[in-house]
Structures are given as C-alpha cells and as structure tokens.
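Enquirer: Contents of query18.pdb (PDB, C-alpha atoms) are given next:
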ATOM      1  CA  MET A1357     146.704  75.817 154.789
ATOM      2  CA  SER A1358     149.587  74.644 152.660
ATOM      3  CA  VAL A1359     150.173  74.085 148.984
ATOM      4  CA  ALA A1360     151.245  70.487 148.387
ATOM      5  CA  ARG A1361     152.140  71.034 144.749
ATOM      6  CA  SER A1362     151.489  73.499 141.979
ATOM      7  CA  ASP A1363     151.818  73.902 138.248
ATOM      8  CA  ARG A1364     151.044  76.484 135.586
ATOM      9  CA  VAL A1365     149.641  76.244 132.104
ATOM     10  CA  ALA A1366     149.094  78.867 129.413
ATOM     11  CA  VAL A1367     145.670  78.970 127.764
ATOM     12  CA  ARG A1368     145.409  80.914 124.510
ATOM     13  CA  SER A1369     143.244  78.829 122.173
ATOM     14  CA  GLY A1370     140.413  76.346 122.043
ATOM     15  CA  GLU A1371     142.943  73.536 121.926
ATOM     16  CA  ASP A1372     144.727  74.846 124.987
ATOM     17  CA  LEU A1373     141.329  74.807 126.673
ATOM     18  CA  LEU A1374     140.992  71.110 125.872
ATOM     19  CA  HIS A1375     144.425  70.499 127.348
ATOM     20  CA  LEU A1376     143.488  72.530 130.449
ATOM     21  CA  ARG A1377     140.386  70.392 130.948
ATOM     22  CA  GLN A1378     142.423  67.178 130.709
ATOM     23  CA  MET A1379     145.025  68.485 133.110
ATOM     24  CA  VAL A1380     142.458  69.699 135.648
ATOM     25  CA  ARG A1381     140.655  66.377 135.494
ATOM     26  CA  GLN A1382     143.886  64.490 136.149
ATOM     27  CA  TRP A1383     144.629  66.680 139.167
ATOM     28  CA  ALA A1384     141.104  66.218 140.496
ATOM     29  CA  VAL A1385     141.450  62.443 140.108
ATOM     30  CA  ASP A1386     144.853  62.480 141.839
ATOM     31  CA  ILE A1387     143.478  64.482 144.761
ATOM     32  CA  GLY A1388     140.726  61.914 145.115
ATOM     33  CA  PHE A1389     137.617  63.818 144.044
ATOM     34  CA  GLY A1390     134.622  61.715 143.037
ATOM     35  CA  LEU A1391     133.217  61.733 139.525
ATOM     36  CA  LEU A1392     130.632  64.441 140.199
ATOM     37  CA  ASP A1393     133.142  66.827 141.747
ATOM     38  CA  GLN A1394     135.613  66.103 138.941
ATOM     39  CA  THR A1395     132.929  67.081 136.453
ATOM     40  CA  ARG A1396     132.054  70.262 138.379
ATOM     41  CA  ILE A1397     135.687  71.348 138.631
ATOM     42  CA  VAL A1398     136.506  70.621 134.983
ATOM     43  CA  THR A1399     133.361  72.438 133.854
ATOM     44  CA  ALA A1400     134.166  75.492 135.984
ATOM     45  CA  ALA A1401     137.723  75.481 134.603
ATOM     46  CA  SER A1402     136.367  75.318 131.079
ATOM     47  CA  GLU A1403     134.068  78.313 131.657
ATOM     48  CA  LEU A1404     136.799  80.489 133.133
ATOM     49  CA  GLY A1405     139.399  79.343 130.622
ATOM     50  CA  ARG A1406     137.066  80.247 127.782
ATOM     51  CA  ASN A1407     136.490  83.686 129.284
ATOM     52  CA  MET A1408     140.242  84.237 129.233
ATOM     53  CA  VAL A1409     140.553  83.118 125.611
ATOM     54  CA  ASP A1410     137.517  85.055 124.371
ATOM     55  CA  PHE A1411     137.909  88.317 126.256
ATOM     56  CA  ALA A1412     141.554  88.634 127.178
ATOM     57  CA  GLY A1413     143.400  86.863 124.378
ATOM     58  CA  GLY A1414     144.431  84.140 126.787
ATOM     59  CA  GLY A1415     146.214  83.939 130.096
ATOM     60  CA  VAL A1416     147.783  81.597 132.588
ATOM     61  CA  VAL A1417     146.133  79.075 134.896
ATOM     62  CA  ARG A1418     147.813  78.045 138.135
ATOM     63  CA  LEU A1419     146.823  74.690 139.599
ATOM     64  CA  GLU A1420     147.423  74.077 143.305
ATOM     65  CA  GLU A1421     146.764  71.082 145.450
ATOM     66  CA  LEU A1422     145.869  72.356 148.915
ATOM     67  CA  ALA A1423     146.091  70.664 152.293
ATOM     68  CA  ASP A1424     144.277  72.120 155.271
ATOM     69  CA  LEU A1425     143.608  70.356 158.588
ATOM     70  CA  GLY A1426     143.581  66.971 156.946
ATOM     71  CA  ARG A1427     141.371  67.887 154.021
ATOM     72  CA  ARG A1428     142.551  68.286 150.490
ATOM     73  CA  GLY A1429     141.483  70.753 147.881
ATOM     74  CA  LEU A1430     142.154  72.020 144.404
ATOM     75  CA  ARG A1431     142.567  75.705 143.699
ATOM     76  CA  LEU A1432     142.681  77.080 140.183
ATOM     77  CA  THR A1433     143.737  80.648 139.547
ATOM     78  CA  PHE A1434     143.045  82.252 136.169
ATOM     79  CA  GLU A1435     145.149  85.298 135.457
ATOM     80  CA  ASP A1436     144.978  87.436 132.358
ATOM     81  CA  HIS A1437     146.179  90.836 131.247
ATOM     82  CA  GLY A1438     143.136  91.622 129.195
ATOM     83  CA  PRO A1439     140.854  94.655 129.293
ATOM     84  CA  GLY A1440     139.473  93.871 132.756
ATOM     85  CA  ILE A1441     135.830  93.858 133.826
ATOM     86  CA  PRO A1442     134.310  97.281 134.575
ATOM     87  CA  ASP A1443     131.390  95.965 136.632
ATOM     88  CA  VAL A1444     132.180  92.651 138.317
ATOM     89  CA  GLU A1445     128.771  92.377 140.029
ATOM     90  CA  LEU A1446     127.061  92.714 136.676
ATOM     91  CA  ALA A1447     129.395  90.192 135.049
ATOM     92  CA  LEU A1448     128.547  87.651 137.749
ATOM     93  CA  ARG A1449     124.875  87.865 136.965
ATOM     94  CA  ASP A1450     123.431  84.995 134.947
ATOM     95  CA  GLY A1451     122.626  85.874 131.396
ATOM     96  CA  TYR A1452     124.944  88.847 131.277
ATOM     97  CA  SER A1453     127.272  88.413 128.340
ATOM     98  CA  THR A1454     129.279  90.544 126.004
ATOM     99  CA  GLY A1455     130.470  87.535 124.033
ATOM    100  CA  SER A1456     129.012  84.617 122.155
ATOM    101  CA  GLY A1457     128.178  82.510 125.193
ATOM    102  CA  LEU A1458     125.173  82.378 127.450
ATOM    103  CA  GLY A1459     126.670  84.607 130.104
ATOM    104  CA  LEU A1460     126.855  81.717 132.543
ATOM    105  CA  GLY A1461     130.627  81.588 132.775
ATOM    106  CA  LEU A1462     131.451  83.502 135.934
ATOM    107  CA  GLY A1463     128.258  82.908 137.898
ATOM    108  CA  GLY A1464     128.162  79.275 136.819
ATOM    109  CA  ALA A1465     131.772  78.691 137.854
ATOM    110  CA  ARG A1466     131.012  80.252 141.240
ATOM    111  CA  ARG A1467     128.101  77.875 141.814
ATOM    112  CA  LEU A1468     130.172  74.838 140.863
ATOM    113  CA  MET A1469     132.914  75.526 143.411
ATOM    114  CA  ASN A1470     133.189  76.040 147.177
ATOM    115  CA  GLU A1471     135.219  79.236 147.049
ATOM    116  CA  PHE A1472     135.352  81.939 144.444
ATOM    117  CA  SER A1473     137.188  85.231 144.312
ATOM    118  CA  ILE A1474     137.682  87.754 141.569
ATOM    119  CA  ALA A1475     139.833  90.824 141.230
ATOM    120  CA  SER A1476     139.698  92.898 138.097
ATOM    121  CA  LYS A1477     141.112  96.212 137.044
ATOM    122  CA  VAL A1478     140.099  97.917 133.834
ATOM    123  CA  GLY A1479     143.078  98.151 131.544
ATOM    124  CA  SER A1480     145.278  95.725 133.425
ATOM    125  CA  GLY A1481     143.483  92.397 133.713
ATOM    126  CA  THR A1482     141.478  89.947 135.731
ATOM    127  CA  THR A1483     142.330  87.247 138.252
ATOM    128  CA  VAL A1484     139.761  84.637 139.243
ATOM    129  CA  ALA A1485     140.497  81.987 141.869
ATOM    130  CA  ILE A1486     138.236  78.995 142.493
ATOM    131  CA  THR A1487     138.636  76.231 145.059
ATOM    132  CA  ARG A1488     136.847  72.991 145.679
ATOM    133  CA  TRP A1489     137.448  70.953 148.859
ATOM    134  CA  ARG A1490     137.013  67.252 149.247
TER     135      ARG A1490
ATOM    136  CA  MET B 319     128.603  55.847 105.850
ATOM    137  CA  MET B 320     127.629  59.071 104.171
ATOM    138  CA  ARG B 321     130.724  61.022 104.778
ATOM    139  CA  GLU B 322     134.287  59.991 105.144
ATOM    140  CA  PRO B 323     135.375  60.992 108.588
ATOM    141  CA  ALA B 324     138.198  63.300 107.713
ATOM    142  CA  ALA B 325     140.492  64.544 110.429
ATOM    143  CA  GLU B 326     138.757  66.824 112.915
ATOM    144  CA  ARG B 327     135.254  65.947 111.816
ATOM    145  CA  ILE B 328     132.623  64.010 113.656
ATOM    146  CA  PRO B 329     130.941  61.440 111.396
ATOM    147  CA  ILE B 330     127.223  61.639 110.706
ATOM    148  CA  LEU B 331     125.487  58.328 109.997
ATOM    149  CA  LYS B 332     122.224  57.938 108.145
ATOM    150  CA  MET B 333     119.644  55.424 109.367
ATOM    151  CA  GLY B 334     116.575  55.746 107.172
ATOM    152  CA  ASP B 335     115.509  59.354 107.554
ATOM    153  CA  VAL B 336     117.268  59.729 110.886
ATOM    154  CA  LEU B 337     120.788  61.079 111.264
ATOM    155  CA  LEU B 338     122.905  59.683 114.074
ATOM    156  CA  VAL B 339     125.829  61.582 115.494
ATOM    157  CA  THR B 340     127.956  59.862 118.106
ATOM    158  CA  ILE B 341     130.377  62.243 119.719
ATOM    159  CA  GLN B 342     133.306  60.118 120.802
ATOM    160  CA  VAL B 343     135.909  62.727 121.575
ATOM    161  CA  GLU B 344     136.042  65.701 123.892
ATOM    162  CA  MET B 345     135.237  68.516 121.516
ATOM    163  CA  HIS B 346     137.094  71.743 121.281
ATOM    164  CA  ASP B 347     134.980  74.729 120.326
ATOM    165  CA  GLN B 348     135.748  74.770 116.620
ATOM    166  CA  LEU B 349     134.973  71.078 116.247
ATOM    167  CA  ALA B 350     131.564  71.662 117.849
ATOM    168  CA  LEU B 351     130.790  74.456 115.388
ATOM    169  CA  THR B 352     131.983  72.332 112.453
ATOM    170  CA  LEU B 353     129.645  69.564 113.584
ATOM    171  CA  GLN B 354     126.754  72.016 113.788
ATOM    172  CA  ASN B 355     127.330  73.106 110.179
ATOM    173  CA  ASP B 356     127.839  69.565 108.894
ATOM    174  CA  LEU B 357     124.681  68.400 110.593
ATOM    175  CA  ILE B 358     122.514  71.203 109.231
ATOM    176  CA  GLU B 359     123.853  70.530 105.724
ATOM    177  CA  ALA B 360     123.195  66.814 106.115
ATOM    178  CA  ILE B 361     119.601  67.418 107.295
ATOM    179  CA  ILE B 362     118.913  69.414 104.147
ATOM    180  CA  ARG B 363     120.751  67.056 101.793
ATOM    181  CA  GLU B 364     119.197  63.880 103.194
ATOM    182  CA  HIS B 365     115.737  65.310 103.943
ATOM    183  CA  ALA B 366     116.162  63.974 107.466
ATOM    184  CA  ARG B 367     113.158  63.973 109.776
ATOM    185  CA  GLY B 368     115.024  63.147 112.956
ATOM    186  CA  VAL B 369     118.455  63.596 114.532
ATOM    187  CA  LEU B 370     120.005  61.687 117.412
ATOM    188  CA  ILE B 371     123.014  63.243 119.079
ATOM    189  CA  ASP B 372     124.710  60.708 121.338
ATOM    190  CA  ILE B 373     126.842  62.495 123.925
ATOM    191  CA  SER B 374     127.350  59.537 126.245
ATOM    192  CA  ALA B 375     131.122  59.755 125.748
ATOM    193  CA  LEU B 376     131.248  63.413 126.771
ATOM    194  CA  GLU B 377     132.634  63.815 130.278
ATOM    195  CA  VAL B 378     132.087  67.552 130.261
ATOM    196  CA  VAL B 379     129.400  69.745 128.734
ATOM    197  CA  ASP B 380     130.136  73.366 129.480
ATOM    198  CA  SER B 381     127.981  76.339 128.547
ATOM    199  CA  PHE B 382     129.522  76.636 125.089
ATOM    200  CA  ILE B 383     128.925  73.022 124.086
ATOM    201  CA  GLY B 384     125.506  73.205 125.731
ATOM    202  CA  ARG B 385     124.611  76.219 123.651
ATOM    203  CA  VAL B 386     125.829  74.568 120.431
ATOM    204  CA  ILE B 387     123.662  71.514 121.166
ATOM    205  CA  ARG B 388     120.631  73.665 122.002
ATOM    206  CA  ASP B 389     121.069  75.851 118.912
ATOM    207  CA  THR B 390     121.594  72.835 116.655
ATOM    208  CA  ALA B 391     118.342  71.325 117.925
ATOM    209  CA  ALA B 392     116.507  74.606 117.319
ATOM    210  CA  MET B 393     117.913  74.882 113.774
ATOM    211  CA  SER B 394     117.044  71.304 112.911
ATOM    212  CA  LYS B 395     113.504  71.826 114.209
ATOM    213  CA  LEU B 396     113.069  74.755 111.842
ATOM    214  CA  LEU B 397     114.187  72.439 109.050
ATOM    215  CA  GLY B 398     111.569  69.858 109.999
ATOM    216  CA  ALA B 399     113.832  67.422 111.856
ATOM    217  CA  LEU B 400     113.371  66.679 115.546
ATOM    218  CA  THR B 401     116.591  66.366 117.555
ATOM    219  CA  VAL B 402     116.913  64.075 120.547
ATOM    220  CA  VAL B 403     119.993  64.282 122.759
ATOM    221  CA  VAL B 404     120.986  60.857 123.971
ATOM    222  CA  GLY B 405     123.063  59.531 126.852
ATOM    223  CA  ILE B 406     123.776  62.548 129.047
ATOM    224  CA  ARG B 407     125.903  61.252 131.934
ATOM    225  CA  PRO B 408     124.465  61.745 135.423
ATOM    226  CA  ALA B 409     127.410  63.899 136.537
ATOM    227  CA  VAL B 410     127.009  66.028 133.415
ATOM    228  CA  ALA B 411     123.264  66.437 134.036
ATOM    229  CA  ILE B 412     123.851  67.576 137.615
ATOM    230  CA  THR B 413     126.609  69.947 136.552
ATOM    231  CA  LEU B 414     124.455  71.473 133.808
ATOM    232  CA  VAL B 415     121.796  72.301 136.379
ATOM    233  CA  ASP B 416     124.402  73.728 138.800
ATOM    234  CA  LEU B 417     125.750  75.776 135.951
ATOM    235  CA  GLY B 418     122.296  77.161 135.244
ATOM    236  CA  LEU B 419     122.209  75.806 131.727
ATOM    237  CA  SER B 420     118.978  74.503 130.372
ATOM    238  CA  LEU B 421     118.865  72.650 127.080
ATOM    239  CA  GLY B 422     115.544  74.362 126.495
ATOM    240  CA  ASP B 423     112.885  72.038 125.184
ATOM    241  CA  VAL B 424     115.347  69.633 123.554
ATOM    242  CA  PRO B 425     114.062  66.118 124.220
ATOM    243  CA  THR B 426     116.497  63.664 125.773
ATOM    244  CA  ALA B 427     116.710  59.898 126.092
ATOM    245  CA  MET B 428     118.979  57.519 127.965
ATOM    246  CA  THR B 429     120.018  55.399 124.995
ATOM    247  CA  VAL B 430     120.047  55.546 121.195
ATOM    248  CA  GLU B 431     117.335  52.894 121.139
ATOM    249  CA  LYS B 432     115.077  54.933 123.427
ATOM    250  CA  GLY B 433     115.856  58.024 121.371
ATOM    251  CA  MET B 434     114.701  56.225 118.222
ATOM    252  CA  GLU B 435     111.505  55.251 120.010
ATOM    253  CA  LEU B 436     110.952  58.864 120.989
ATOM    254  CA  LEU B 437     111.377  59.980 117.363
ATOM    255  CA  ARG B 438     108.912  57.347 116.165
ATOM    256  CA  PHE B 439     106.456  58.376 118.863
ATOM    257  CA  ALA B 440     106.779  62.060 117.994
ATOM    258  CA  ARG B 441     106.158  61.294 114.365
ATOM    259  CA  ALA B 442     103.103  59.166 115.100
ATOM    260  CA  ALA B 443     101.724  62.006 117.201
ATOM    261  CA  ALA B 444     102.204  64.514 114.392
ATOM    262  CA  PRO B 445     101.632  62.715 111.073
ATOM    263  CA  GLN B 446     102.121  65.881 109.058
ATOM    264  CA  PRO B 447     103.732  65.559 105.648
ATOM    265  CA  ALA B 448     107.071  67.331 105.317
ATOM    266  CA  GLY B 449     106.761  71.028 104.594
ATOM    267  CA  GLY B 450     103.420  71.505 106.333
ATOM    268  CA  GLU B 451     104.564  72.806 109.671
ATOM    269  CA  GLY B 452     107.770  74.502 108.625
ATOM    270  CA  GLU B 453     106.287  77.156 106.423
ATOM    271  CA  HIS B 454     104.998  79.734 108.826
ATOM    272  CA  GLU B 455     108.170  79.355 110.912
ATOM    273  CA  ARG B 456     110.645  80.358 108.329
ATOM    274  CA  GLY B 457     111.770  83.558 110.039
ATOM    275  CA  SER B 458     115.409  83.340 110.982
ATOM    276  CA  GLN B 459     116.555  83.319 114.582
TER     277      GLN B 459
END
If you took the structure in this file and wrote it as structure tokens, what would it be?
Expert:
Amino acid sequence: MSVARSDRVAVRSGEDLLHLRQMVRQWAVDIGFGLLDQTRIVTAASELGRNMVDFAGGGVVRLEELADLGRRGLRLTFEDHGPGIPDVELALRDGYSTGSGLGLGLGGARRLMNEFSIASKVGSGTTVAITRWR
Amino acid sequence: MMREPAAERIPILKMGDVLLVTIQVEMHDQLALTLQNDLIEAIIREHARGVLIDISALEVVDSFIGRVIRDTAAMSKLLGALTVVVGIRPAVAITLVDLGLSLGDVPTAMTVEKGMELLRFARAAAPQPAGGEGEHERGSQ
C-alpha cells in the first residue's frame, strides 16, 4: 500500500469543521468515490472532527490518498492532545456520550467506513484513523 | 419576508400560519443553533401551526445537525406547531441510517408541496382549536 498524496488541516472550531468537510468532500470526489460514499466519508469526518473540537480543544486531521493493488482509498487520521478516552469500548457504544451530542460519533463513524482504528491514552490524547476504499 | 436575512442567519418565511425554512448553506454548528432559536421565537410570535424545514440543499446531515432538527421539531410540537422535514437527499437518508440516527417521529416529505399537503392533512385529522392539546404537555424537556 502506498500513499499517493497527503495533506494536513487543523480543526479547532465549528468553522474549521465546515472547512474540513469541504476539503474531505473534494478529496473524495478527486479519488472517484460516488455520491453515497462521499456522503458517508464526509459525515464520518464531521463526527470525528466534532469530537476533537468538543472534547480535546481541537486537533489535526491528516488526509491521505491510498493506492493498493489497483484500488484507491481515502484515509483520515484525527489526532488530538486532549484528555484521552479512559474506556474506548464504552465510548464506541451507541448512545454513550459525555457531551451534547447523541453519542453516535465514534460508533457511527466506524459503521460509515471500511476500516477504523483508535488509540487513546488518558492525559496525552487520542488518534482515530478511518479508511474507505473504492 | 418577516425577517431581514442578516449575515449568518437563515431566513424564515411565513406562508399563512406555516413557517418555511429553506436551508441553502452547509450549516456550522452555531448557525444551526441560531436557527433553532429564531424558529421557536417565530412560532410563538406568528402563532404558527406548521413548520416546513427544507433541507434539500444539505449534502451532509451529521449527528449534531440531526439532533438539532429532531429537537426543533419536538419543541415546535410542544408549542402547537407540527414540523415536517422536507427534501432529505437519498445519500443523506442512507447515511443517517448507517450512522444510527433516527429523526424520531418527525414526519418527512419529498418536496415542499408534499410537506404542505401533509400539514393540511394532519390538521384535518385533528381539528382541535389552538391551545387544546398543548396544555397538559407543558412540562419542559
């Protein structure tokens, strides 16, 4: 698997989130995803980006276009230096929320994508990576 | 019509006793909350009996926007106005289900015209004068 191109964007506010959504959509269009997959990817990005803004005071999103055995994909990695998540399994459960949302962010983002990984350490931050393949 | 669309506000139009909101921009979170407040104020001020929220221009409805829409519909119902969400795009509908987000019992319609029909139908089915049904439901959420 190789990374064809990558970029990074800081997300600290609701307006940054809007910009992230636009950027992710443009990448998804460029990679050739159909409308439904574009919508899934942008929605997942919005959920995870909002988590970063709400719980960690913001963070950085890395966008990567992937190429693997002739197929193309988009990987988004959300990295923050917030408080971390003490119980990741619990946080992935639908309806679990410590914020103002519905608690669908993490679990919902996982369902919308093909690959999902999370690493979190209390006191040092959280990294979530999601990938969708064409 | 009723309100000058200042910067960063979504206009609310009055059609008889129905309020029509057409969301034409991708909303950031604060704009969605501002709209919720404006709409609730307008329902009270105009004694509206119905609300149509047209989201056909929205390419993405994430859990936050979904919750704002659902809550707005619940609030307006308590104030005696039925809310119909109009024009959900197919990709958005599929994504909402994938996401696990339900809009609850908020009625939906494909177009503004069909939404108006739905409001008329709902009213014909429940020809209660204003104030009748709201009273025993006044507890806050």
Enquirer: What are the closest atom pairs, with distances in Å to one decimal, for all residues of chain B lying within 8 Å of chain A? Consider all atoms listed in the file, order rows by chain and residue number, and present the result as CSV.
Expert:
residue,atom,partner,partner_atom,distance
B:Glu344,CA,A:Leu1374,CA,7.6
B:Met345,CA,A:Leu1374,CA,7.7
B:His346,CA,A:Gly1370,CA,5.7
B:Asp347,CA,A:Gly1370,CA,5.9
B:Gln348,CA,A:Gly1370,CA,7.3
B:Glu377,CA,A:Thr1395,CA,7.0
B:Val378,CA,A:Thr1399,CA,6.2
B:Val379,CA,A:Thr1399,CA,7.0
B:Asp380,CA,A:Thr1399,CA,5.5
B:Ser381,CA,A:Leu1458,CA,6.7
B:Phe382,CA,A:Gly1457,CA,6.0
B:Arg385,CA,A:Leu1458,CA,7.3
B:Ala409,CA,A:Leu1392,CA,4.9
B:Val410,CA,A:Thr1395,CA,6.7
B:Ile412,CA,A:Leu1392,CA,7.9
B:Thr413,CA,A:Arg1396,CA,5.8
B:Asp416,CA,A:Leu1468,CA,6.2
B:Leu417,CA,A:Gly1464,CA,4.3
B:Gly418,CA,A:Gly1464,CA,6.4
B:Leu419,CA,A:Leu1460,CA,7.6
Enquirer: For a test of reading the model, state the distance in Å between CA of Thr1483 in chain A and CA of Gly384 in chain B, rounded to one decimal.
Expert: 25.2 Å
Enquirer: Write out as a PDB file with C-alpha atoms, in the coordinates of the input which residues come within 8 Å of Ser1480 in chain A when counting all atoms listed in the file, dropping same-chain ones fewer than 4 positions away.
Expert:
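The resulting file, result-v6.pdb, is reproduced below:
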ATOM      1  CA  HIS A1437     146.179  90.836 131.247  1.00  0.00           C
ATOM      2  CA  GLY A1438     143.136  91.622 129.195  1.00  0.00           C
ATOM      3  CA  PRO A1439     140.854  94.655 129.293  1.00  0.00           C
ATOM      4  CA  GLY A1440     139.473  93.871 132.756  1.00  0.00           C
ATOM      5  CA  SER A1476     139.698  92.898 138.097  1.00  0.00           C
TER       6      SER A1476
END
Enquirer: Enumerate, as a compact mmCIF listing (two decimals) with C-alpha atoms, in the frame of the given file, the residues matched when the PyMOL selection byres ((chain A and resi 1421-1432) around 6) is run on the file above.
Expert:
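Output (selection_37.txt):
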# COMPACT_ATOMS: atom_id res chain seq x y z
CA MET A 1357 146.70 75.82 154.79
CA SER A 1358 149.59 74.64 152.66
CA VAL A 1359 150.17 74.08 148.98
CA ALA A 1360 151.24 70.49 148.39
CA ARG A 1361 152.14 71.03 144.75
CA ARG A 1418 147.81 78.04 138.14
CA LEU A 1419 146.82 74.69 139.60
CA GLU A 1420 147.42 74.08 143.30
CA THR A 1433 143.74 80.65 139.55
CA ALA A 1485 140.50 81.99 141.87
CA ILE A 1486 138.24 79.00 142.49
CA THR A 1487 138.64 76.23 145.06
CA ARG A 1488 136.85 72.99 145.68
CA TRP A 1489 137.45 70.95 148.86
CA ARG A 1490 137.01 67.25 149.25
Enquirer: Extract, using only C-alpha atoms, all DNA, RNA and protein residues at most 7 Å from Val336 in chain B, discarding same-chain residues fewer than 4 positions from it, and format them as a list in words.
Expert: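 Listing them by chain and then by number gives Lys332, Ala366, Arg367, Gly368 and Val369 of chain B.
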Enquirer: Write a file of the selected residues as a PDB file, keeping the file's coordinate frame, keeping C-alpha atoms.
Expert:
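As written to disk, result.pdb reads:
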ATOM      1  CA  LYS B 332     122.224  57.938 108.145  1.00  0.00           C
ATOM      2  CA  ALA B 366     116.162  63.974 107.466  1.00  0.00           C
ATOM      3  CA  ARG B 367     113.158  63.973 109.776  1.00  0.00           C
ATOM      4  CA  GLY B 368     115.024  63.147 112.956  1.00  0.00           C
ATOM      5  CA  VAL B 369     118.455  63.596 114.532  1.00  0.00           C
TER       6      VAL B 369
END
Enquirer: Can you work out which one of B:Asp335, B:Asp389, B:Ile341, B:Ala444 has the shortest atom-to-atom distance to Ile358 in chain B, counting all atoms listed in the file?
Expert: B:Asp389
Enquirer: Tell me, in Å to one decimal, how far CA of Ala350 in chain B is from CA of Met1408 in chain A.
Expert: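 Distance between the two atoms: 19.1 Å.
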Enquirer: Carefully work through the PyMOL selection byres ((chain B and resi 426-433) around 10) for this structure and note down the residues it includes, as a PyMOL selection string.
Expert: chain B and resi 338+340+368-374+401-407+421+423-425+434-439
Enquirer: For those residues, write C-alpha atoms to a file as a compact mmCIF listing (two decimals), keeping the file's coordinate frame.
Expert:
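Saved file selection11.txt follows:
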# COMPACT_ATOMS: atom_id res chain seq x y z
CA LEU B 338 122.90 59.68 114.07
CA THR B 340 127.96 59.86 118.11
CA GLY B 368 115.02 63.15 112.96
CA VAL B 369 118.46 63.60 114.53
CA LEU B 370 120.00 61.69 117.41
CA ILE B 371 123.01 63.24 119.08
CA ASP B 372 124.71 60.71 121.34
CA ILE B 373 126.84 62.50 123.92
CA SER B 374 127.35 59.54 126.24
CA THR B 401 116.59 66.37 117.56
CA VAL B 402 116.91 64.08 120.55
CA VAL B 403 119.99 64.28 122.76
CA VAL B 404 120.99 60.86 123.97
CA GLY B 405 123.06 59.53 126.85
CA ILE B 406 123.78 62.55 129.05
CA ARG B 407 125.90 61.25 131.93
CA LEU B 421 118.86 72.65 127.08
CA ASP B 423 112.88 72.04 125.18
CA VAL B 424 115.35 69.63 123.55
CA PRO B 425 114.06 66.12 124.22
CA MET B 434 114.70 56.22 118.22
CA GLU B 435 111.50 55.25 120.01
CA LEU B 436 110.95 58.86 120.99
CA LEU B 437 111.38 59.98 117.36
CA ARG B 438 108.91 57.35 116.16
CA PHE B 439 106.46 58.38 118.86
Enquirer: Using only C-alpha atoms, which residue out of A:Val1417, A:Ala1412, A:Ile1441, A:Val1484 lies closest to Val1367 in chain A?
Expert: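 Closest residue, counting only C-alpha atoms: A:Val1417.
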Enquirer: Calculate how many Å separate CA of Leu397 in chain B from CA of Leu349 in chain B, rounding to one decimal.
Expert: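 Those two atoms sit 22.0 Å apart.
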Enquirer: Counting all atoms listed in the file, which of B:Gly422, B:Val415, B:Ile387, B:Ser394 gets nearest to Ala360 in chain B?
Expert: B:Ser394
Enquirer: Would you be able to write out as a PyMOL selection string which residues have an atom within 7 Å of (148.1, 87.7, 132.7) in the file's coordinates, counting all atoms listed in the file?
Expert: chain A and resi 1415-1416+1435-1437+1481
